[in-house]
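Participant: Quick one: the structure is below, and I'll ask about it shortly.
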Amino acid sequence: MMETDILVIGAGPAGSTAAKHAAIGGANVIVIDKKSEIGTPKRCAEGVSKDGLKKLGIELSPRWIAKEATGVRMVSPNGTAVNLTEDKVKLPEAGYILERKIFDKHMAMDAGRAGAKIMVKTLATGLRREEDQVMVTVENMGEELEIKAKIVIAADGPESRVGRWAGIKTALKPKNMESCAQFEMAGVQMAEPDCIEFHFGSVAPGGYAWIFPKGDDIANVGLGVLTTITDKSAYEHLLEFVESNPATKNAQPVELNIGGDPVGGLLKKMVADNVLVTGDAASMVNPLTGGGIISGMLGGRIAGQVAAQAVADGDYSHKNLKVYEKLCEDELGESFKKYLKAKEYLLSLSDEELDEIAEVFKDSDFETINTAEMVRKLVKISPKALLKLGKLF
Amino acid sequence: MIVKEWCMYCGECAGVCPRNLIEVREISLNFNEKECKDCQICLQVCPVQALEKRND
Ligand SMILES: Cc1cc2nc3c(=O)[nH]c(=O)nc-3n(C[C@H](O)[C@H](O)[C@H](O)COP(=O)(O)OP(=O)(O)OC[C@H]3O[C@@H](n4cnc5c(N)ncnc54)[C@H](O)[C@@H]3O)c2cc1C
Ligand code: SF4
Ligand code: SF4
């Protein structure tokens with residue numbers, strides 16, 4: 001049997017960040033991940049905001065930045081494009097396109113350097129409480145082990161089960177889980193190779209399609225759909241999108257990535273005695289953009305700090321950990337509510353309405369426009385916007 | 001539940017199973033079929049339709 005103060009389950013961005021900050025806070029930390037290579041395969045379009053990385057104090061490295069994106073291109077169903085530059089309109093996930101296979105490992109290494117012990121190819125299979133601690137059973141290279149911990153941080157991503165073992169309701173309804181499919185492709189001919197591109201409307205029911213450039217002719221091309229409003233799988237929608245889009249119809253896939261993106265907004269309950277849930281497992285994903293790297297790391301940082309403090313206090317009770325929920329609500333929950341509303345509005349628009357809006361915006365002078373002004377302008381064209389967005393911005 | 005060979009072990013099905021019956025290993029899926037109530041939520045969310053209901 002192994003013993004530790006804090007056991008982090010899952011070495012994605014959220015788990016590694018939690019482990020790093022728990023170790024910095026003075027606790028003994030073990031991080032486990034079932035994968036043999038952290039970060040691989042990726043389940044991600046790899047876009048992150050510059051502000052987000054800065055806020056987390058992460059030093060940039062060319063090793064894991066594939067490309068800088070300087071603008072955003074939004075395309076309506078009939079192909080009308082609106083181009084924005086990032087200094088004019090703040091979009092939460094625009095900035096860099098990462099190489100996540102390297103980034104995730106980099107974040108894990110950071111946790112290791114801060115003092116956390118990392119165990120790869122180690123699957124958590126169960127959890128039980130023993131006195132005021134928890135016993136986690138794991139499988140490492142075919143061998144069953146037990147790890148005793150004062151606190152478990154569940155950072156096991158969208159497939160999360162760890163929180164549920166502790167009695168936290170993390171299972172999502174299908175309407176809160178976007179099913180995503182993506183190709184990484186070569187031979188992509190983008191209209192604006194320095195912009196991240198979004199396609200709205202019936203190409204991706206309940207979500208949107210994206211083209212995120214990673215290099216000259218390389219891009220992540222994918223989409224997310226809500227299975228509650230389409231009968232086709234995300235993969236089938238992806239094939240159709242790739243074939244119909246001029247940028248991708250001659251491109252070739254070198255990778256297929258699929259996965260879930262929890263887009264329903266922050267879980268209400270994220271702690272139990274001895275257990276904190278963070279990252280995708282706690283639905284820490286921007287409900288509008290589906291971006292969860294930065295928000296997962298912000299949540300992970302708080303989880304690590306709160307857990308280390310609880311170890312110092314010698315009190316791992318639900319009551320003592322509860323401050324975590326409040327801090328996450330302040331850091332993420334408030335803004336998520338706004339993004340949820342914006343998403344609701346976006347999804348309420350028909351293809352024709354989206355085309356109309358794009359038509360009005362396409363020649364706008366974005367030198368003088370910001371997000372608030374954009375919304376004001378939107379309200380003029382689309383009466384729905386007033387109802388759904390008017391009071392928010 | 002029958003898992004087709006093109007399953008990518010993304011775990012999306014595990015994330016929505018309300019009864020917590022699906023476990024993703026690195027390259028395999030485990031179902032606790034005894035407890036399965038056949039709600040088929042897991043089938044619906046799979047991005048590549050890799051799950052099929054077992055007819056027995
Ligand atoms: C197609 C797609 C595109 C996306 N695009 C973007 C984007 O452009 N920008 C963005 O910000 N976000 C994006 N996201 C979301 C982003 O990928 C996630 O929000 C982010 O990875 C969450 O990080 P995490 O650390 O919480 O979980 P994950 O990165 O999922 O890490 C969880 C880890 O836990 C491990 N694990 C799970 N169960 C166990 C267990 N029982 N035992 C041991 N280990 C376990 C897994 O192996 C995994 O390594 C996208 C998601 C998808 C599906
Ligand atoms: S959702 Fe589909 S592809 Fe993903 S693990 Fe489940 S069966 Fe496999
Ligand atoms: S059918 Fe329902 S209960 Fe059975 S494994 Fe799938 S999600 Fe779980």
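In the structure tokens, each chain is lettered A, B, ... as it comes, each chain's residues begin at 1, and ligands are numbered from 1 in order of appearance.
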Do you know which residues are within 10 Å of ligand 3 using only C-alpha atoms and all ligand atoms? Can you write them as a PyMOL selection string?
Facilitator: (chain A and resi 171) or (chain B and resi 1+13-23+30-45+51-53)
Participant: Can you write out as JSON lines which residues of chain A fall within 6 Å of ligand 1, alongside each residue's closest atom pair and its distance in Å to one decimal, counting only C-alpha atoms and all ligand atoms and ordering rows by chain and ascending residue number?
Facilitator:
{"residue": "A:Ile9", "atom": "CA", "partner": "ligand 1", "partner_atom_place_in_ligand_line": "43 (C)", "distance": 5.3}
{"residue": "A:Gly10", "atom": "CA", "partner": "ligand 1", "partner_atom_place_in_ligand_line": "34 (O)", "distance": 3.2}
{"residue": "A:Ala11", "atom": "CA", "partner": "ligand 1", "partner_atom_place_in_ligand_line": "49 (O)", "distance": 4.9}
{"residue": "A:Gly12", "atom": "CA", "partner": "ligand 1", "partner_atom_place_in_ligand_line": "25 (O)", "distance": 3.4}
{"residue": "A:Pro13", "atom": "CA", "partner": "ligand 1", "partner_atom_place_in_ligand_line": "25 (O)", "distance": 4.0}
{"residue": "A:Ala14", "atom": "CA", "partner": "ligand 1", "partner_atom_place_in_ligand_line": "25 (O)", "distance": 3.7}
{"residue": "A:Gly15", "atom": "CA", "partner": "ligand 1", "partner_atom_place_in_ligand_line": "25 (O)", "distance": 5.3}
{"residue": "A:Ile32", "atom": "CA", "partner": "ligand 1", "partner_atom_place_in_ligand_line": "43 (C)", "distance": 5.6}
{"residue": "A:Asp33", "atom": "CA", "partner": "ligand 1", "partner_atom_place_in_ligand_line": "44 (N)", "distance": 3.6}
{"residue": "A:Lys34", "atom": "CA", "partner": "ligand 1", "partner_atom_place_in_ligand_line": "43 (C)", "distance": 4.1}
{"residue": "A:Lys35", "atom": "CA", "partner": "ligand 1", "partner_atom_place_in_ligand_line": "47 (O)", "distance": 5.0}
{"residue": "A:Ile38", "atom": "CA", "partner": "ligand 1", "partner_atom_place_in_ligand_line": "49 (O)", "distance": 6.0}
{"residue": "A:Arg43", "atom": "CA", "partner": "ligand 1", "partner_atom_place_in_ligand_line": "53 (C)", "distance": 4.7}
{"residue": "A:Cys44", "atom": "CA", "partner": "ligand 1", "partner_atom_place_in_ligand_line": "3 (C)", "distance": 3.3}
{"residue": "A:Ala45", "atom": "CA", "partner": "ligand 1", "partner_atom_place_in_ligand_line": "5 (N)", "distance": 3.7}
{"residue": "A:Glu46", "atom": "CA", "partner": "ligand 1", "partner_atom_place_in_ligand_line": "8 (O)", "distance": 4.0}
{"residue": "A:Gly47", "atom": "CA", "partner": "ligand 1", "partner_atom_place_in_ligand_line": "8 (O)", "distance": 3.7}
{"residue": "A:Val48", "atom": "CA", "partner": "ligand 1", "partner_atom_place_in_ligand_line": "11 (O)", "distance": 5.2}
{"residue": "A:Thr122", "atom": "CA", "partner": "ligand 1", "partner_atom_place_in_ligand_line": "43 (C)", "distance": 5.7}
{"residue": "A:Leu123", "atom": "CA", "partner": "ligand 1", "partner_atom_place_in_ligand_line": "42 (N)", "distance": 3.7}
{"residue": "A:Ala124", "atom": "CA", "partner": "ligand 1", "partner_atom_place_in_ligand_line": "42 (N)", "distance": 3.9}
{"residue": "A:Thr125", "atom": "CA", "partner": "ligand 1", "partner_atom_place_in_ligand_line": "41 (N)", "distance": 5.9}
{"residue": "A:Ala155", "atom": "CA", "partner": "ligand 1", "partner_atom_place_in_ligand_line": "26 (O)", "distance": 5.5}
{"residue": "A:Asp156", "atom": "CA", "partner": "ligand 1", "partner_atom_place_in_ligand_line": "34 (O)", "distance": 3.6}
{"residue": "A:Gly157", "atom": "CA", "partner": "ligand 1", "partner_atom_place_in_ligand_line": "27 (O)", "distance": 3.6}
{"residue": "A:Pro158", "atom": "CA", "partner": "ligand 1", "partner_atom_place_in_ligand_line": "30 (O)", "distance": 5.8}
{"residue": "A:Ser160", "atom": "CA", "partner": "ligand 1", "partner_atom_place_in_ligand_line": "38 (N)", "distance": 6.0}
{"residue": "A:Cys180", "atom": "CA", "partner": "ligand 1", "partner_atom_place_in_ligand_line": "1 (C)", "distance": 4.7}
{"residue": "A:Ala181", "atom": "CA", "partner": "ligand 1", "partner_atom_place_in_ligand_line": "1 (C)", "distance": 5.5}
{"residue": "A:Gln182", "atom": "CA", "partner": "ligand 1", "partner_atom_place_in_ligand_line": "1 (C)", "distance": 5.8}
{"residue": "A:Ile258", "atom": "CA", "partner": "ligand 1", "partner_atom_place_in_ligand_line": "1 (C)", "distance": 5.5}
{"residue": "A:Gly259", "atom": "CA", "partner": "ligand 1", "partner_atom_place_in_ligand_line": "53 (C)", "distance": 3.9}
{"residue": "A:Gly260", "atom": "CA", "partner": "ligand 1", "partner_atom_place_in_ligand_line": "53 (C)", "distance": 4.7}
{"residue": "A:Asp261", "atom": "CA", "partner": "ligand 1", "partner_atom_place_in_ligand_line": "53 (C)", "distance": 5.0}
{"residue": "A:Gly279", "atom": "CA", "partner": "ligand 1", "partner_atom_place_in_ligand_line": "26 (O)", "distance": 3.4}
{"residue": "A:Asp280", "atom": "CA", "partner": "ligand 1", "partner_atom_place_in_ligand_line": "26 (O)", "distance": 3.8}
{"residue": "A:Ala281", "atom": "CA", "partner": "ligand 1", "partner_atom_place_in_ligand_line": "26 (O)", "distance": 5.9}
{"residue": "A:Val285", "atom": "CA", "partner": "ligand 1", "partner_atom_place_in_ligand_line": "19 (O)", "distance": 5.7}
{"residue": "A:Gly290", "atom": "CA", "partner": "ligand 1", "partner_atom_place_in_ligand_line": "14 (N)", "distance": 5.8}
{"residue": "A:Gly291", "atom": "CA", "partner": "ligand 1", "partner_atom_place_in_ligand_line": "10 (C)", "distance": 3.4}
{"residue": "A:Gly292", "atom": "CA", "partner": "ligand 1", "partner_atom_place_in_ligand_line": "19 (O)", "distance": 3.1}
{"residue": "A:Ile293", "atom": "CA", "partner": "ligand 1", "partner_atom_place_in_ligand_line": "11 (O)", "distance": 3.8}
{"residue": "A:Ile294", "atom": "CA", "partner": "ligand 1", "partner_atom_place_in_ligand_line": "11 (O)", "distance": 5.8}
{"residue": "A:Gly296", "atom": "CA", "partner": "ligand 1", "partner_atom_place_in_ligand_line": "26 (O)", "distance": 5.3}
Participant: Wanna dump the chain B-ligand 2 contacts at 6 Å for me, each residue with its shortest atom pair and the distance in Å to one decimal, counting only C-alpha atoms and all ligand atoms, ordered by chain and number, as CSV?
Facilitator:
residue,atom,partner,partner_atom_place_in_ligand_line,distance
B:Cys7,CA,ligand 2,8 (Fe),3.8
B:Met8,CA,ligand 2,3 (S),4.4
B:Tyr9,CA,ligand 2,5 (S),3.6
B:Cys10,CA,ligand 2,4 (Fe),4.0
B:Gly11,CA,ligand 2,5 (S),4.0
B:Glu12,CA,ligand 2,1 (S),4.2
B:Cys13,CA,ligand 2,1 (S),4.2
B:Cys46,CA,ligand 2,1 (S),3.7
B:Val48,CA,ligand 2,3 (S),5.9
B:Ala50,CA,ligand 2,7 (S),4.7
B:Leu51,CA,ligand 2,7 (S),5.1
Participant: May I ask which of the residues A:Glu159, A:Ser61, A:Glu359, A:Met119 is the closest one to B:Val24, counting only C-alpha atoms?
Facilitator: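 Answer, going by the shortest atom-to-atom distance: A:Glu159.
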Participant: Got a sec: who's within 9 Å of A:Val82, counting only C-alpha atoms, leaving out chain neighbours fewer than 6 positions off, as a list in words?
Facilitator: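 Returned residues: Val72, Arg73, Met74, Val75, Ser76, Ala358, Glu359, Phe361, Lys362, Asp363 and Ser364 of chain A.
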Participant: So how many Å separate atom CA of A:Thr70 and atom CA of A:Thr371, to one decimal?
Facilitator: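 Answer for the atom CA of A:Thr70 to atom CA of A:Thr371 separation: 16.6 Å.
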Participant: Which one is closest to chain B: A:Leu145, A:Val120, A:Leu84, A:Leu346? Count only C-alpha atoms.
Facilitator: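 The shortest atom-to-atom distance to chain B comes from A:Val120.
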Participant: Tell me which protein, DNA and RNA residues are within 10 Å of A:Val360, counting only C-alpha atoms, leaving out same-chain ones fewer than 4 positions away, and put them as a PyMOL selection string.
Facilitator: chain A and resi 80+82+355-356+364+377-378+381
Participant: Contacts of stretch 102-117 of chain A at 7 Å or less, counting only C-alpha atoms, minus same-chain residues fewer than 3 places along, as number ranges by chain?
Facilitator: A: 11-13, 16-17, 19-20, 23-24, 28-31, 38-39, 64, 98-99
Participant: Could you write out the selected residues, including N, CA and C atoms, as a short mmCIF file (atom, residue, chain, number, x, y, z; two decimals), in the first residue's frame?
Facilitator:
data_model
loop_
_atom_site.label_atom_id
_atom_site.label_comp_id
_atom_site.auth_asym_id
_atom_site.auth_seq_id
_atom_site.Cartn_x
_atom_site.Cartn_y
_atom_site.Cartn_z
N ALA A 11 -4.06 13.12 -15.37
CA ALA A 11 -2.99 14.09 -15.61
C ALA A 11 -3.24 14.86 -16.89
N GLY A 12 -4.47 15.35 -17.06
CA GLY A 12 -4.75 16.34 -18.10
C GLY A 12 -4.32 17.69 -17.56
N PRO A 13 -4.63 18.76 -18.29
CA PRO A 13 -4.23 20.09 -17.82
C PRO A 13 -4.77 20.41 -16.42
N SER A 16 -2.81 18.10 -13.69
CA SER A 16 -1.41 18.49 -13.51
C SER A 16 -1.30 19.83 -12.79
N THR A 17 -2.21 20.76 -13.13
CA THR A 17 -2.17 22.06 -12.46
C THR A 17 -2.54 21.91 -10.98
N ALA A 19 -2.07 19.26 -9.17
CA ALA A 19 -0.94 18.60 -8.50
C ALA A 19 0.18 19.58 -8.22
N LYS A 20 0.45 20.42 -9.21
CA LYS A 20 1.53 21.39 -9.05
C LYS A 20 1.25 22.30 -7.86
N ALA A 23 1.42 20.60 -4.48
CA ALA A 23 2.81 20.37 -4.07
C ALA A 23 3.45 21.68 -3.60
N ILE A 24 3.18 22.75 -4.34
CA ILE A 24 3.71 24.06 -3.93
C ILE A 24 3.17 24.42 -2.54
N ASN A 28 2.26 16.30 0.22
CA ASN A 28 2.77 15.18 -0.57
C ASN A 28 1.73 14.86 -1.62
N VAL A 29 2.16 14.73 -2.87
CA VAL A 29 1.19 14.56 -3.95
C VAL A 29 1.58 13.41 -4.87
N ILE A 30 0.61 12.57 -5.20
CA ILE A 30 0.78 11.58 -6.27
C ILE A 30 -0.25 11.90 -7.36
N VAL A 31 0.18 11.86 -8.62
CA VAL A 31 -0.74 11.99 -9.75
C VAL A 31 -0.72 10.68 -10.52
N ILE A 38 1.06 10.64 -21.47
CA ILE A 38 0.19 11.76 -21.09
C ILE A 38 -0.01 12.67 -22.30
N GLY A 39 -1.27 13.05 -22.56
CA GLY A 39 -1.55 13.97 -23.67
C GLY A 39 -1.88 13.27 -24.99
N TRP A 64 5.55 23.82 -27.46
CA TRP A 64 4.14 23.42 -27.48
C TRP A 64 3.19 24.45 -28.07
N LEU A 98 -2.21 25.13 -29.61
CA LEU A 98 -1.17 24.35 -28.92
C LEU A 98 -0.84 23.08 -29.69
N GLU A 99 0.21 22.43 -29.28
CA GLU A 99 0.46 21.03 -29.63
C GLU A 99 0.21 20.30 -28.32
#
Participant: Check stretch 40-84 of chain A with DSSP on the backbone and list each residue it calls helix (DSSP H, G or I), as a ChimeraX atom specification.
Facilitator: /A:50-55
Participant: Distance atom CA of A:Thr289-atom CA of A:Phe212, one decimal place?
Facilitator: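 It comes out at 13.1 Å.
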Participant: Can you list, as a VMD selection string, every protein, DNA or RNA residue that comes within 8 Å of A:Leu223 when you count only C-alpha atoms, leaving out same-chain residues fewer than 2 positions away?
Facilitator: chain A and resid 180 to 182 204 207 to 210 221 225 234 237 to 238
